[in-house]
Amino acid sequence: MNCYNFEENISAFIESNLSLKLRKEFIRHQTLCRDCGMKLNGVVEIMNSLKNVEAISTSADFIKNLHQKIDKYNSRKEPFFTRLLNFQPFGLTPVSALGFLAAFTVLTISSVLLFQNDNIPQLSVSEFSQNPTLHEFDSQPPLMVNSTLMPALKDSLMKDSLREASDRYDDQILMVNQKGKTGTK
Amino acid sequence: MPDYQISDEELMARFQEGDIQAYNQIVYRYKEKILNFVYRFLNDIERAEDITQDTFIKVFTHKHSYREIAKFSTWLYTIAGNLARTELRKSKRRNTYSLSDIKYDDKEYEIPVMKDPSMDLEKDNLGKKIQWALNELPPDFKTMIILRDIQELSYEDISRIVGVPLGTVKSRINRGRLKLQYLLTKIGGR
């Protein structure tokens with residue numbers, strides 16, 4: 001054991017917190033190193049002095065002054081926010097109560113926003129079936145509101161896109177033919 | 001008279017339910033300990049008493065902040081330590097001494113910081129030299145030494161109070177003691 005290790009273990013030695021092996025090394029170094037031995041004695045004396053340091057007592061008015069300060073605190077009106085924080089609804093602590101209230105508020109607002117009317121007109125089935133052209137599906141089969149809606153919609157959309165592609169193809173053929181008539185003579 | 005058969009945590013639980021007598025019991029149990037702890041920190045009896053009263057007022061006004069997961073004494077010493085440290089920082093910023101502070105009564109006027117201790121402390125006893133040496137330590141080391149060697153708290157309690165790992169507490173207390181020993185040797189205290 002060197003002097004550095006000795007210093008590191010002084011308190012542990014005094015408080016009997018060293019292993020047997022370390023304790024033996026510590027004691028051997030203490031007997032061999034005079035400075036370390038003096039250091040150990042100095043620390044022991046300081047610990048004893050601190051333990052026996054003169055204790056002071058509170059003054060005779062201590063309790064009276066304390067109660068006066070507490071009475072003064074009790075007599076003043078608490079700010080609203082402080083009263084709110086100390087309020088314990090249903091036995092919940094203020095923080096828990098506020099957390100519950102915040103969660104409830106968020107849920108309520110989210111629900112309202114999700115189910116809110118977004119100004120899209122309601123689709124009336126009876127009205128649509130009587131006047132399908134009102135909804136500009138004149139070239140398409142009428143929309144069905146049952147489970148066959150999606151395939152029918154898909155079908156009509158495909159027909160639309162095919163029709164457009166076919167129209168474009170016809171236009172191109174017409175252009176080519178016209179060019180041919182004018183250019184190949 | 002304080003009733004020591006009831007634990008601190010039980011008293012605190014009763015106080016939280018509104019029993020003021022339980023609060024008074026707590027004050028009687030801890031006022032001397034907290035005063036001595038704070039006094040060693042500030043080295044001023046009047047300020048130490050003010051801080052001690054502030055500590056108990058905080059206990060009164062924040063009673064619901066205490067949870068029984070920790071020892072009551074740990075919570076109490078944490079409050080006292082924080083208030084003492086704040087007061088120490090304020091006084092260092094002020095760092096002025098006025099003539100009106102001199103008391104013409106039995107109380108001694110103690111200057112917290114001394115530049116040449118050997119001249120001023122030549123007639124003083126070891127207690128005052130130790131107090132001077134304590135004041136020379138960094139605040140964290142000083143707190144731990146006071147809690148361990150004067151208040152006789154366990155290393156685990158000290159670790160919870162100052163919020164530092166147990167190994168660090170042991171190391172700092174050891175180094176604090178060595179520093180005290182060095183300082184006292186330097187001024188001829190030992």
# chains A, B, ... in the order shown; residues from 1 in each chain; ligands from 1

call {"tool": "interface_residues", "arguments": {"of": "chain B", "to": "chain A", "cutoff": "6 Å", "atoms": "only C-alpha atoms", "output": "ChimeraX atom specification"}}
result
/B:32,53,149-150,174,181

call {"tool": "write_last_selection", "arguments": {"atoms": "N, CA, C and O atoms", "output": "PDB file, in the first residue's frame"}}
result
ATOM      1  N   GLU B  32     -33.585  21.618  17.707  1.00  0.00           N
ATOM      2  CA  GLU B  32     -32.172  21.760  18.112  1.00  0.00           C
ATOM      3  C   GLU B  32     -31.249  21.203  17.046  1.00  0.00           C
ATOM      4  O   GLU B  32     -30.215  21.796  16.725  1.00  0.00           O
ATOM      5  N   GLN B  53     -36.455  28.409  11.589  1.00  0.00           N
ATOM      6  CA  GLN B  53     -37.898  28.704  11.596  1.00  0.00           C
ATOM      7  C   GLN B  53     -38.465  28.618  10.181  1.00  0.00           C
ATOM      8  O   GLN B  53     -39.557  28.068   9.967  1.00  0.00           O
ATOM      9  N   ASP B 149     -20.364  13.953  10.792  1.00  0.00           N
ATOM     10  CA  ASP B 149     -19.580  13.986  12.030  1.00  0.00           C
ATOM     11  C   ASP B 149     -20.224  14.780  13.154  1.00  0.00           C
ATOM     12  O   ASP B 149     -19.857  14.580  14.307  1.00  0.00           O
ATOM     13  N   ILE B 150     -21.165  15.677  12.833  1.00  0.00           N
ATOM     14  CA  ILE B 150     -21.837  16.432  13.903  1.00  0.00           C
ATOM     15  C   ILE B 150     -23.262  15.912  14.100  1.00  0.00           C
ATOM     16  O   ILE B 150     -23.684  15.617  15.212  1.00  0.00           O
ATOM     17  N   ASN B 174     -14.228  11.685   3.296  1.00  0.00           N
ATOM     18  CA  ASN B 174     -12.836  11.346   3.585  1.00  0.00           C
ATOM     19  C   ASN B 174     -11.905  12.508   3.221  1.00  0.00           C
ATOM     20  O   ASN B 174     -11.045  12.907   3.998  1.00  0.00           O
ATOM     21  N   GLN B 181      -7.895  18.338   8.574  1.00  0.00           N
ATOM     22  CA  GLN B 181      -6.675  17.978   9.305  1.00  0.00           C
ATOM     23  C   GLN B 181      -5.489  18.810   8.814  1.00  0.00           C
ATOM     24  O   GLN B 181      -4.695  19.320   9.605  1.00  0.00           O
TER      25      GLN B 181
END

call {"tool": "residues_around", "arguments": {"residues": "Leu32 in chain A", "least_positions_apart": "5", "cutoff": "12 Å", "atoms": "only C-alpha atoms", "output": "MDAnalysis selection string"}}
result
chainID A and resid 1:3 6 25:27 37:38

call {"tool": "residues_around", "arguments": {"residues": "Ser154 in chain B", "least_positions_apart": "3", "cutoff": "12 Å", "atoms": "only C-alpha atoms", "output": "ChimeraX atom specification"}}
result
/A:15 /B:73-74,144-151,157-161,166,169-170,173

call {"tool": "closest_residue", "arguments": {"among": "B:Ile57, B:Leu137, B:Val162, B:Ile34", "to": "Lys179 in chain B", "atoms": "only C-alpha atoms"}}
result
B:Leu137

call {"tool": "residues_around", "arguments": {"residues": "range 13-19 of chain B", "least_positions_apart": "3", "cutoff": "10 Å", "atoms": "only C-alpha atoms", "output": "VMD selection string"}}
result
chain B and resid 7 to 10 22 to 26 60 62 to 68

call {"tool": "write_last_selection", "arguments": {"atoms": "all heavy atoms", "output": "compact mmCIF listing (two decimals), in the first residue's frame"}}
result
# COMPACT_ATOMS: atom_id res chain seq x y z
N SER B 7 -43.39 7.35 15.48
CA SER B 7 -42.32 7.66 14.52
C SER B 7 -42.57 9.01 13.86
O SER B 7 -43.69 9.53 13.87
CB SER B 7 -42.26 6.57 13.45
OG SER B 7 -43.42 6.63 12.64
N ASP B 8 -41.51 9.53 13.26
CA ASP B 8 -41.62 10.81 12.56
C ASP B 8 -42.63 10.71 11.42
O ASP B 8 -43.42 11.64 11.19
CB ASP B 8 -40.26 11.21 11.97
CG ASP B 8 -39.22 11.43 13.04
OD1 ASP B 8 -39.60 11.70 14.20
OD2 ASP B 8 -38.01 11.33 12.71
N GLU B 9 -42.60 9.58 10.72
CA GLU B 9 -43.48 9.43 9.56
C GLU B 9 -44.95 9.36 10.00
O GLU B 9 -45.83 9.91 9.34
CB GLU B 9 -43.11 8.14 8.80
CG GLU B 9 -41.77 8.20 8.06
CD GLU B 9 -40.56 8.13 8.98
OE1 GLU B 9 -40.67 7.52 10.08
OE2 GLU B 9 -39.51 8.70 8.63
N GLU B 10 -45.20 8.74 11.14
CA GLU B 10 -46.56 8.66 11.68
C GLU B 10 -47.04 10.06 12.08
O GLU B 10 -48.18 10.44 11.80
CB GLU B 10 -46.56 7.72 12.89
CG GLU B 10 -47.84 7.67 13.69
CD GLU B 10 -49.01 7.07 12.97
OE1 GLU B 10 -48.78 6.25 12.05
OE2 GLU B 10 -50.16 7.44 13.26
N ALA B 22 -49.38 17.15 16.21
CA ALA B 22 -48.35 16.31 15.58
C ALA B 22 -47.24 17.19 15.02
O ALA B 22 -46.05 16.88 15.14
CB ALA B 22 -48.96 15.46 14.48
N TYR B 23 -47.63 18.31 14.43
CA TYR B 23 -46.65 19.26 13.90
C TYR B 23 -45.78 19.81 15.03
O TYR B 23 -44.56 19.91 14.91
CB TYR B 23 -47.37 20.40 13.16
CG TYR B 23 -46.46 21.53 12.74
CD1 TYR B 23 -45.60 21.40 11.66
CD2 TYR B 23 -46.45 22.73 13.45
CE1 TYR B 23 -44.76 22.43 11.29
CE2 TYR B 23 -45.62 23.76 13.07
CZ TYR B 23 -44.77 23.61 12.00
OH TYR B 23 -43.94 24.64 11.64
N ASN B 24 -46.42 20.16 16.14
CA ASN B 24 -45.66 20.68 17.28
C ASN B 24 -44.66 19.66 17.80
O ASN B 24 -43.54 20.00 18.20
CB ASN B 24 -46.61 21.11 18.40
CG ASN B 24 -47.40 22.35 18.05
OD1 ASN B 24 -46.98 23.13 17.19
ND2 ASN B 24 -48.55 22.52 18.67
N GLN B 25 -45.07 18.39 17.80
CA GLN B 25 -44.16 17.32 18.22
C GLN B 25 -42.92 17.27 17.33
O GLN B 25 -41.79 17.12 17.81
CB GLN B 25 -44.86 15.95 18.14
CG GLN B 25 -45.95 15.70 19.16
CD GLN B 25 -45.37 15.27 20.48
OE1 GLN B 25 -44.23 14.86 20.58
NE2 GLN B 25 -46.18 15.36 21.54
N ILE B 26 -43.18 17.39 16.03
CA ILE B 26 -42.07 17.37 15.07
C ILE B 26 -41.11 18.52 15.33
O ILE B 26 -39.89 18.36 15.33
CB ILE B 26 -42.62 17.44 13.62
CG1 ILE B 26 -43.29 16.12 13.25
CG2 ILE B 26 -41.52 17.75 12.62
CD1 ILE B 26 -44.09 16.19 11.97
N PHE B 60 -44.72 23.25 7.32
CA PHE B 60 -46.13 23.56 7.59
C PHE B 60 -46.89 23.84 6.29
O PHE B 60 -47.98 23.32 6.06
CB PHE B 60 -46.22 24.78 8.52
CG PHE B 60 -47.63 25.06 8.99
CD1 PHE B 60 -48.09 24.48 10.16
CD2 PHE B 60 -48.46 25.91 8.29
CE1 PHE B 60 -49.38 24.74 10.61
CE2 PHE B 60 -49.75 26.17 8.73
CZ PHE B 60 -50.21 25.58 9.89
N HIS B 62 -45.97 23.19 3.13
CA HIS B 62 -45.83 22.19 2.06
C HIS B 62 -45.98 20.77 2.60
O HIS B 62 -45.33 19.84 2.13
CB HIS B 62 -44.47 22.34 1.37
CG HIS B 62 -44.33 23.62 0.61
ND1 HIS B 62 -44.09 24.83 1.22
CD2 HIS B 62 -44.44 23.89 -0.71
CE1 HIS B 62 -44.04 25.79 0.30
NE2 HIS B 62 -44.25 25.25 -0.87
N LYS B 63 -46.83 20.60 3.57
CA LYS B 63 -46.94 19.29 4.23
C LYS B 63 -47.31 18.18 3.24
O LYS B 63 -46.91 17.04 3.40
CB LYS B 63 -47.94 19.34 5.38
CG LYS B 63 -49.34 19.74 4.98
CD LYS B 63 -50.22 19.86 6.21
CE LYS B 63 -51.57 20.40 5.81
NZ LYS B 63 -52.44 20.67 6.95
N HIS B 64 -48.10 18.56 2.22
CA HIS B 64 -48.53 17.53 1.29
C HIS B 64 -47.45 17.16 0.28
O HIS B 64 -47.62 16.21 -0.49
CB HIS B 64 -49.81 17.97 0.56
CG HIS B 64 -50.99 18.07 1.49
ND1 HIS B 64 -51.52 16.95 2.10
CD2 HIS B 64 -51.69 19.13 1.92
CE1 HIS B 64 -52.52 17.35 2.88
NE2 HIS B 64 -52.66 18.65 2.79
N SER B 65 -46.34 17.89 0.29
CA SER B 65 -45.23 17.53 -0.61
C SER B 65 -44.47 16.31 -0.09
O SER B 65 -43.74 15.67 -0.84
CB SER B 65 -44.24 18.69 -0.72
OG SER B 65 -44.88 19.83 -1.17
N TYR B 66 -44.63 16.00 1.19
CA TYR B 66 -43.89 14.86 1.76
C TYR B 66 -44.61 13.55 1.45
O TYR B 66 -45.82 13.42 1.64
CB TYR B 66 -43.75 15.02 3.29
CG TYR B 66 -43.20 13.79 3.95
CD1 TYR B 66 -41.87 13.40 3.74
CD2 TYR B 66 -43.99 12.98 4.76
CE1 TYR B 66 -41.36 12.26 4.32
CE2 TYR B 66 -43.48 11.83 5.34
CZ TYR B 66 -42.17 11.48 5.12
OH TYR B 66 -41.68 10.33 5.69
N ARG B 67 -43.84 12.60 0.97
CA ARG B 67 -44.36 11.26 0.68
C ARG B 67 -43.60 10.27 1.54
O ARG B 67 -42.39 10.41 1.70
CB ARG B 67 -44.14 10.87 -0.79
CG ARG B 67 -44.90 11.71 -1.78
CD ARG B 67 -46.36 11.30 -1.88
NE ARG B 67 -47.07 12.20 -2.78
CZ ARG B 67 -47.68 13.31 -2.37
NH1 ARG B 67 -47.67 13.64 -1.10
NH2 ARG B 67 -48.31 14.08 -3.24
N GLU B 68 -44.29 9.26 2.05
CA GLU B 68 -43.64 8.36 2.99
C GLU B 68 -42.63 7.41 2.35
O GLU B 68 -42.10 6.52 3.02
CB GLU B 68 -44.70 7.56 3.75
CG GLU B 68 -44.32 7.38 5.22
CD GLU B 68 -45.39 6.66 6.03
OE1 GLU B 68 -46.49 7.21 6.14
OE2 GLU B 68 -45.10 5.56 6.50

call {"tool": "residues_around", "arguments": {"residues": "Ala84 in chain B", "least_positions_apart": "2", "cutoff": "12 Å", "atoms": "only C-alpha atoms", "output": "number ranges by chain"}}
result
B: 34-44, 47-55, 77-82, 86-91, 139-140, 142-143
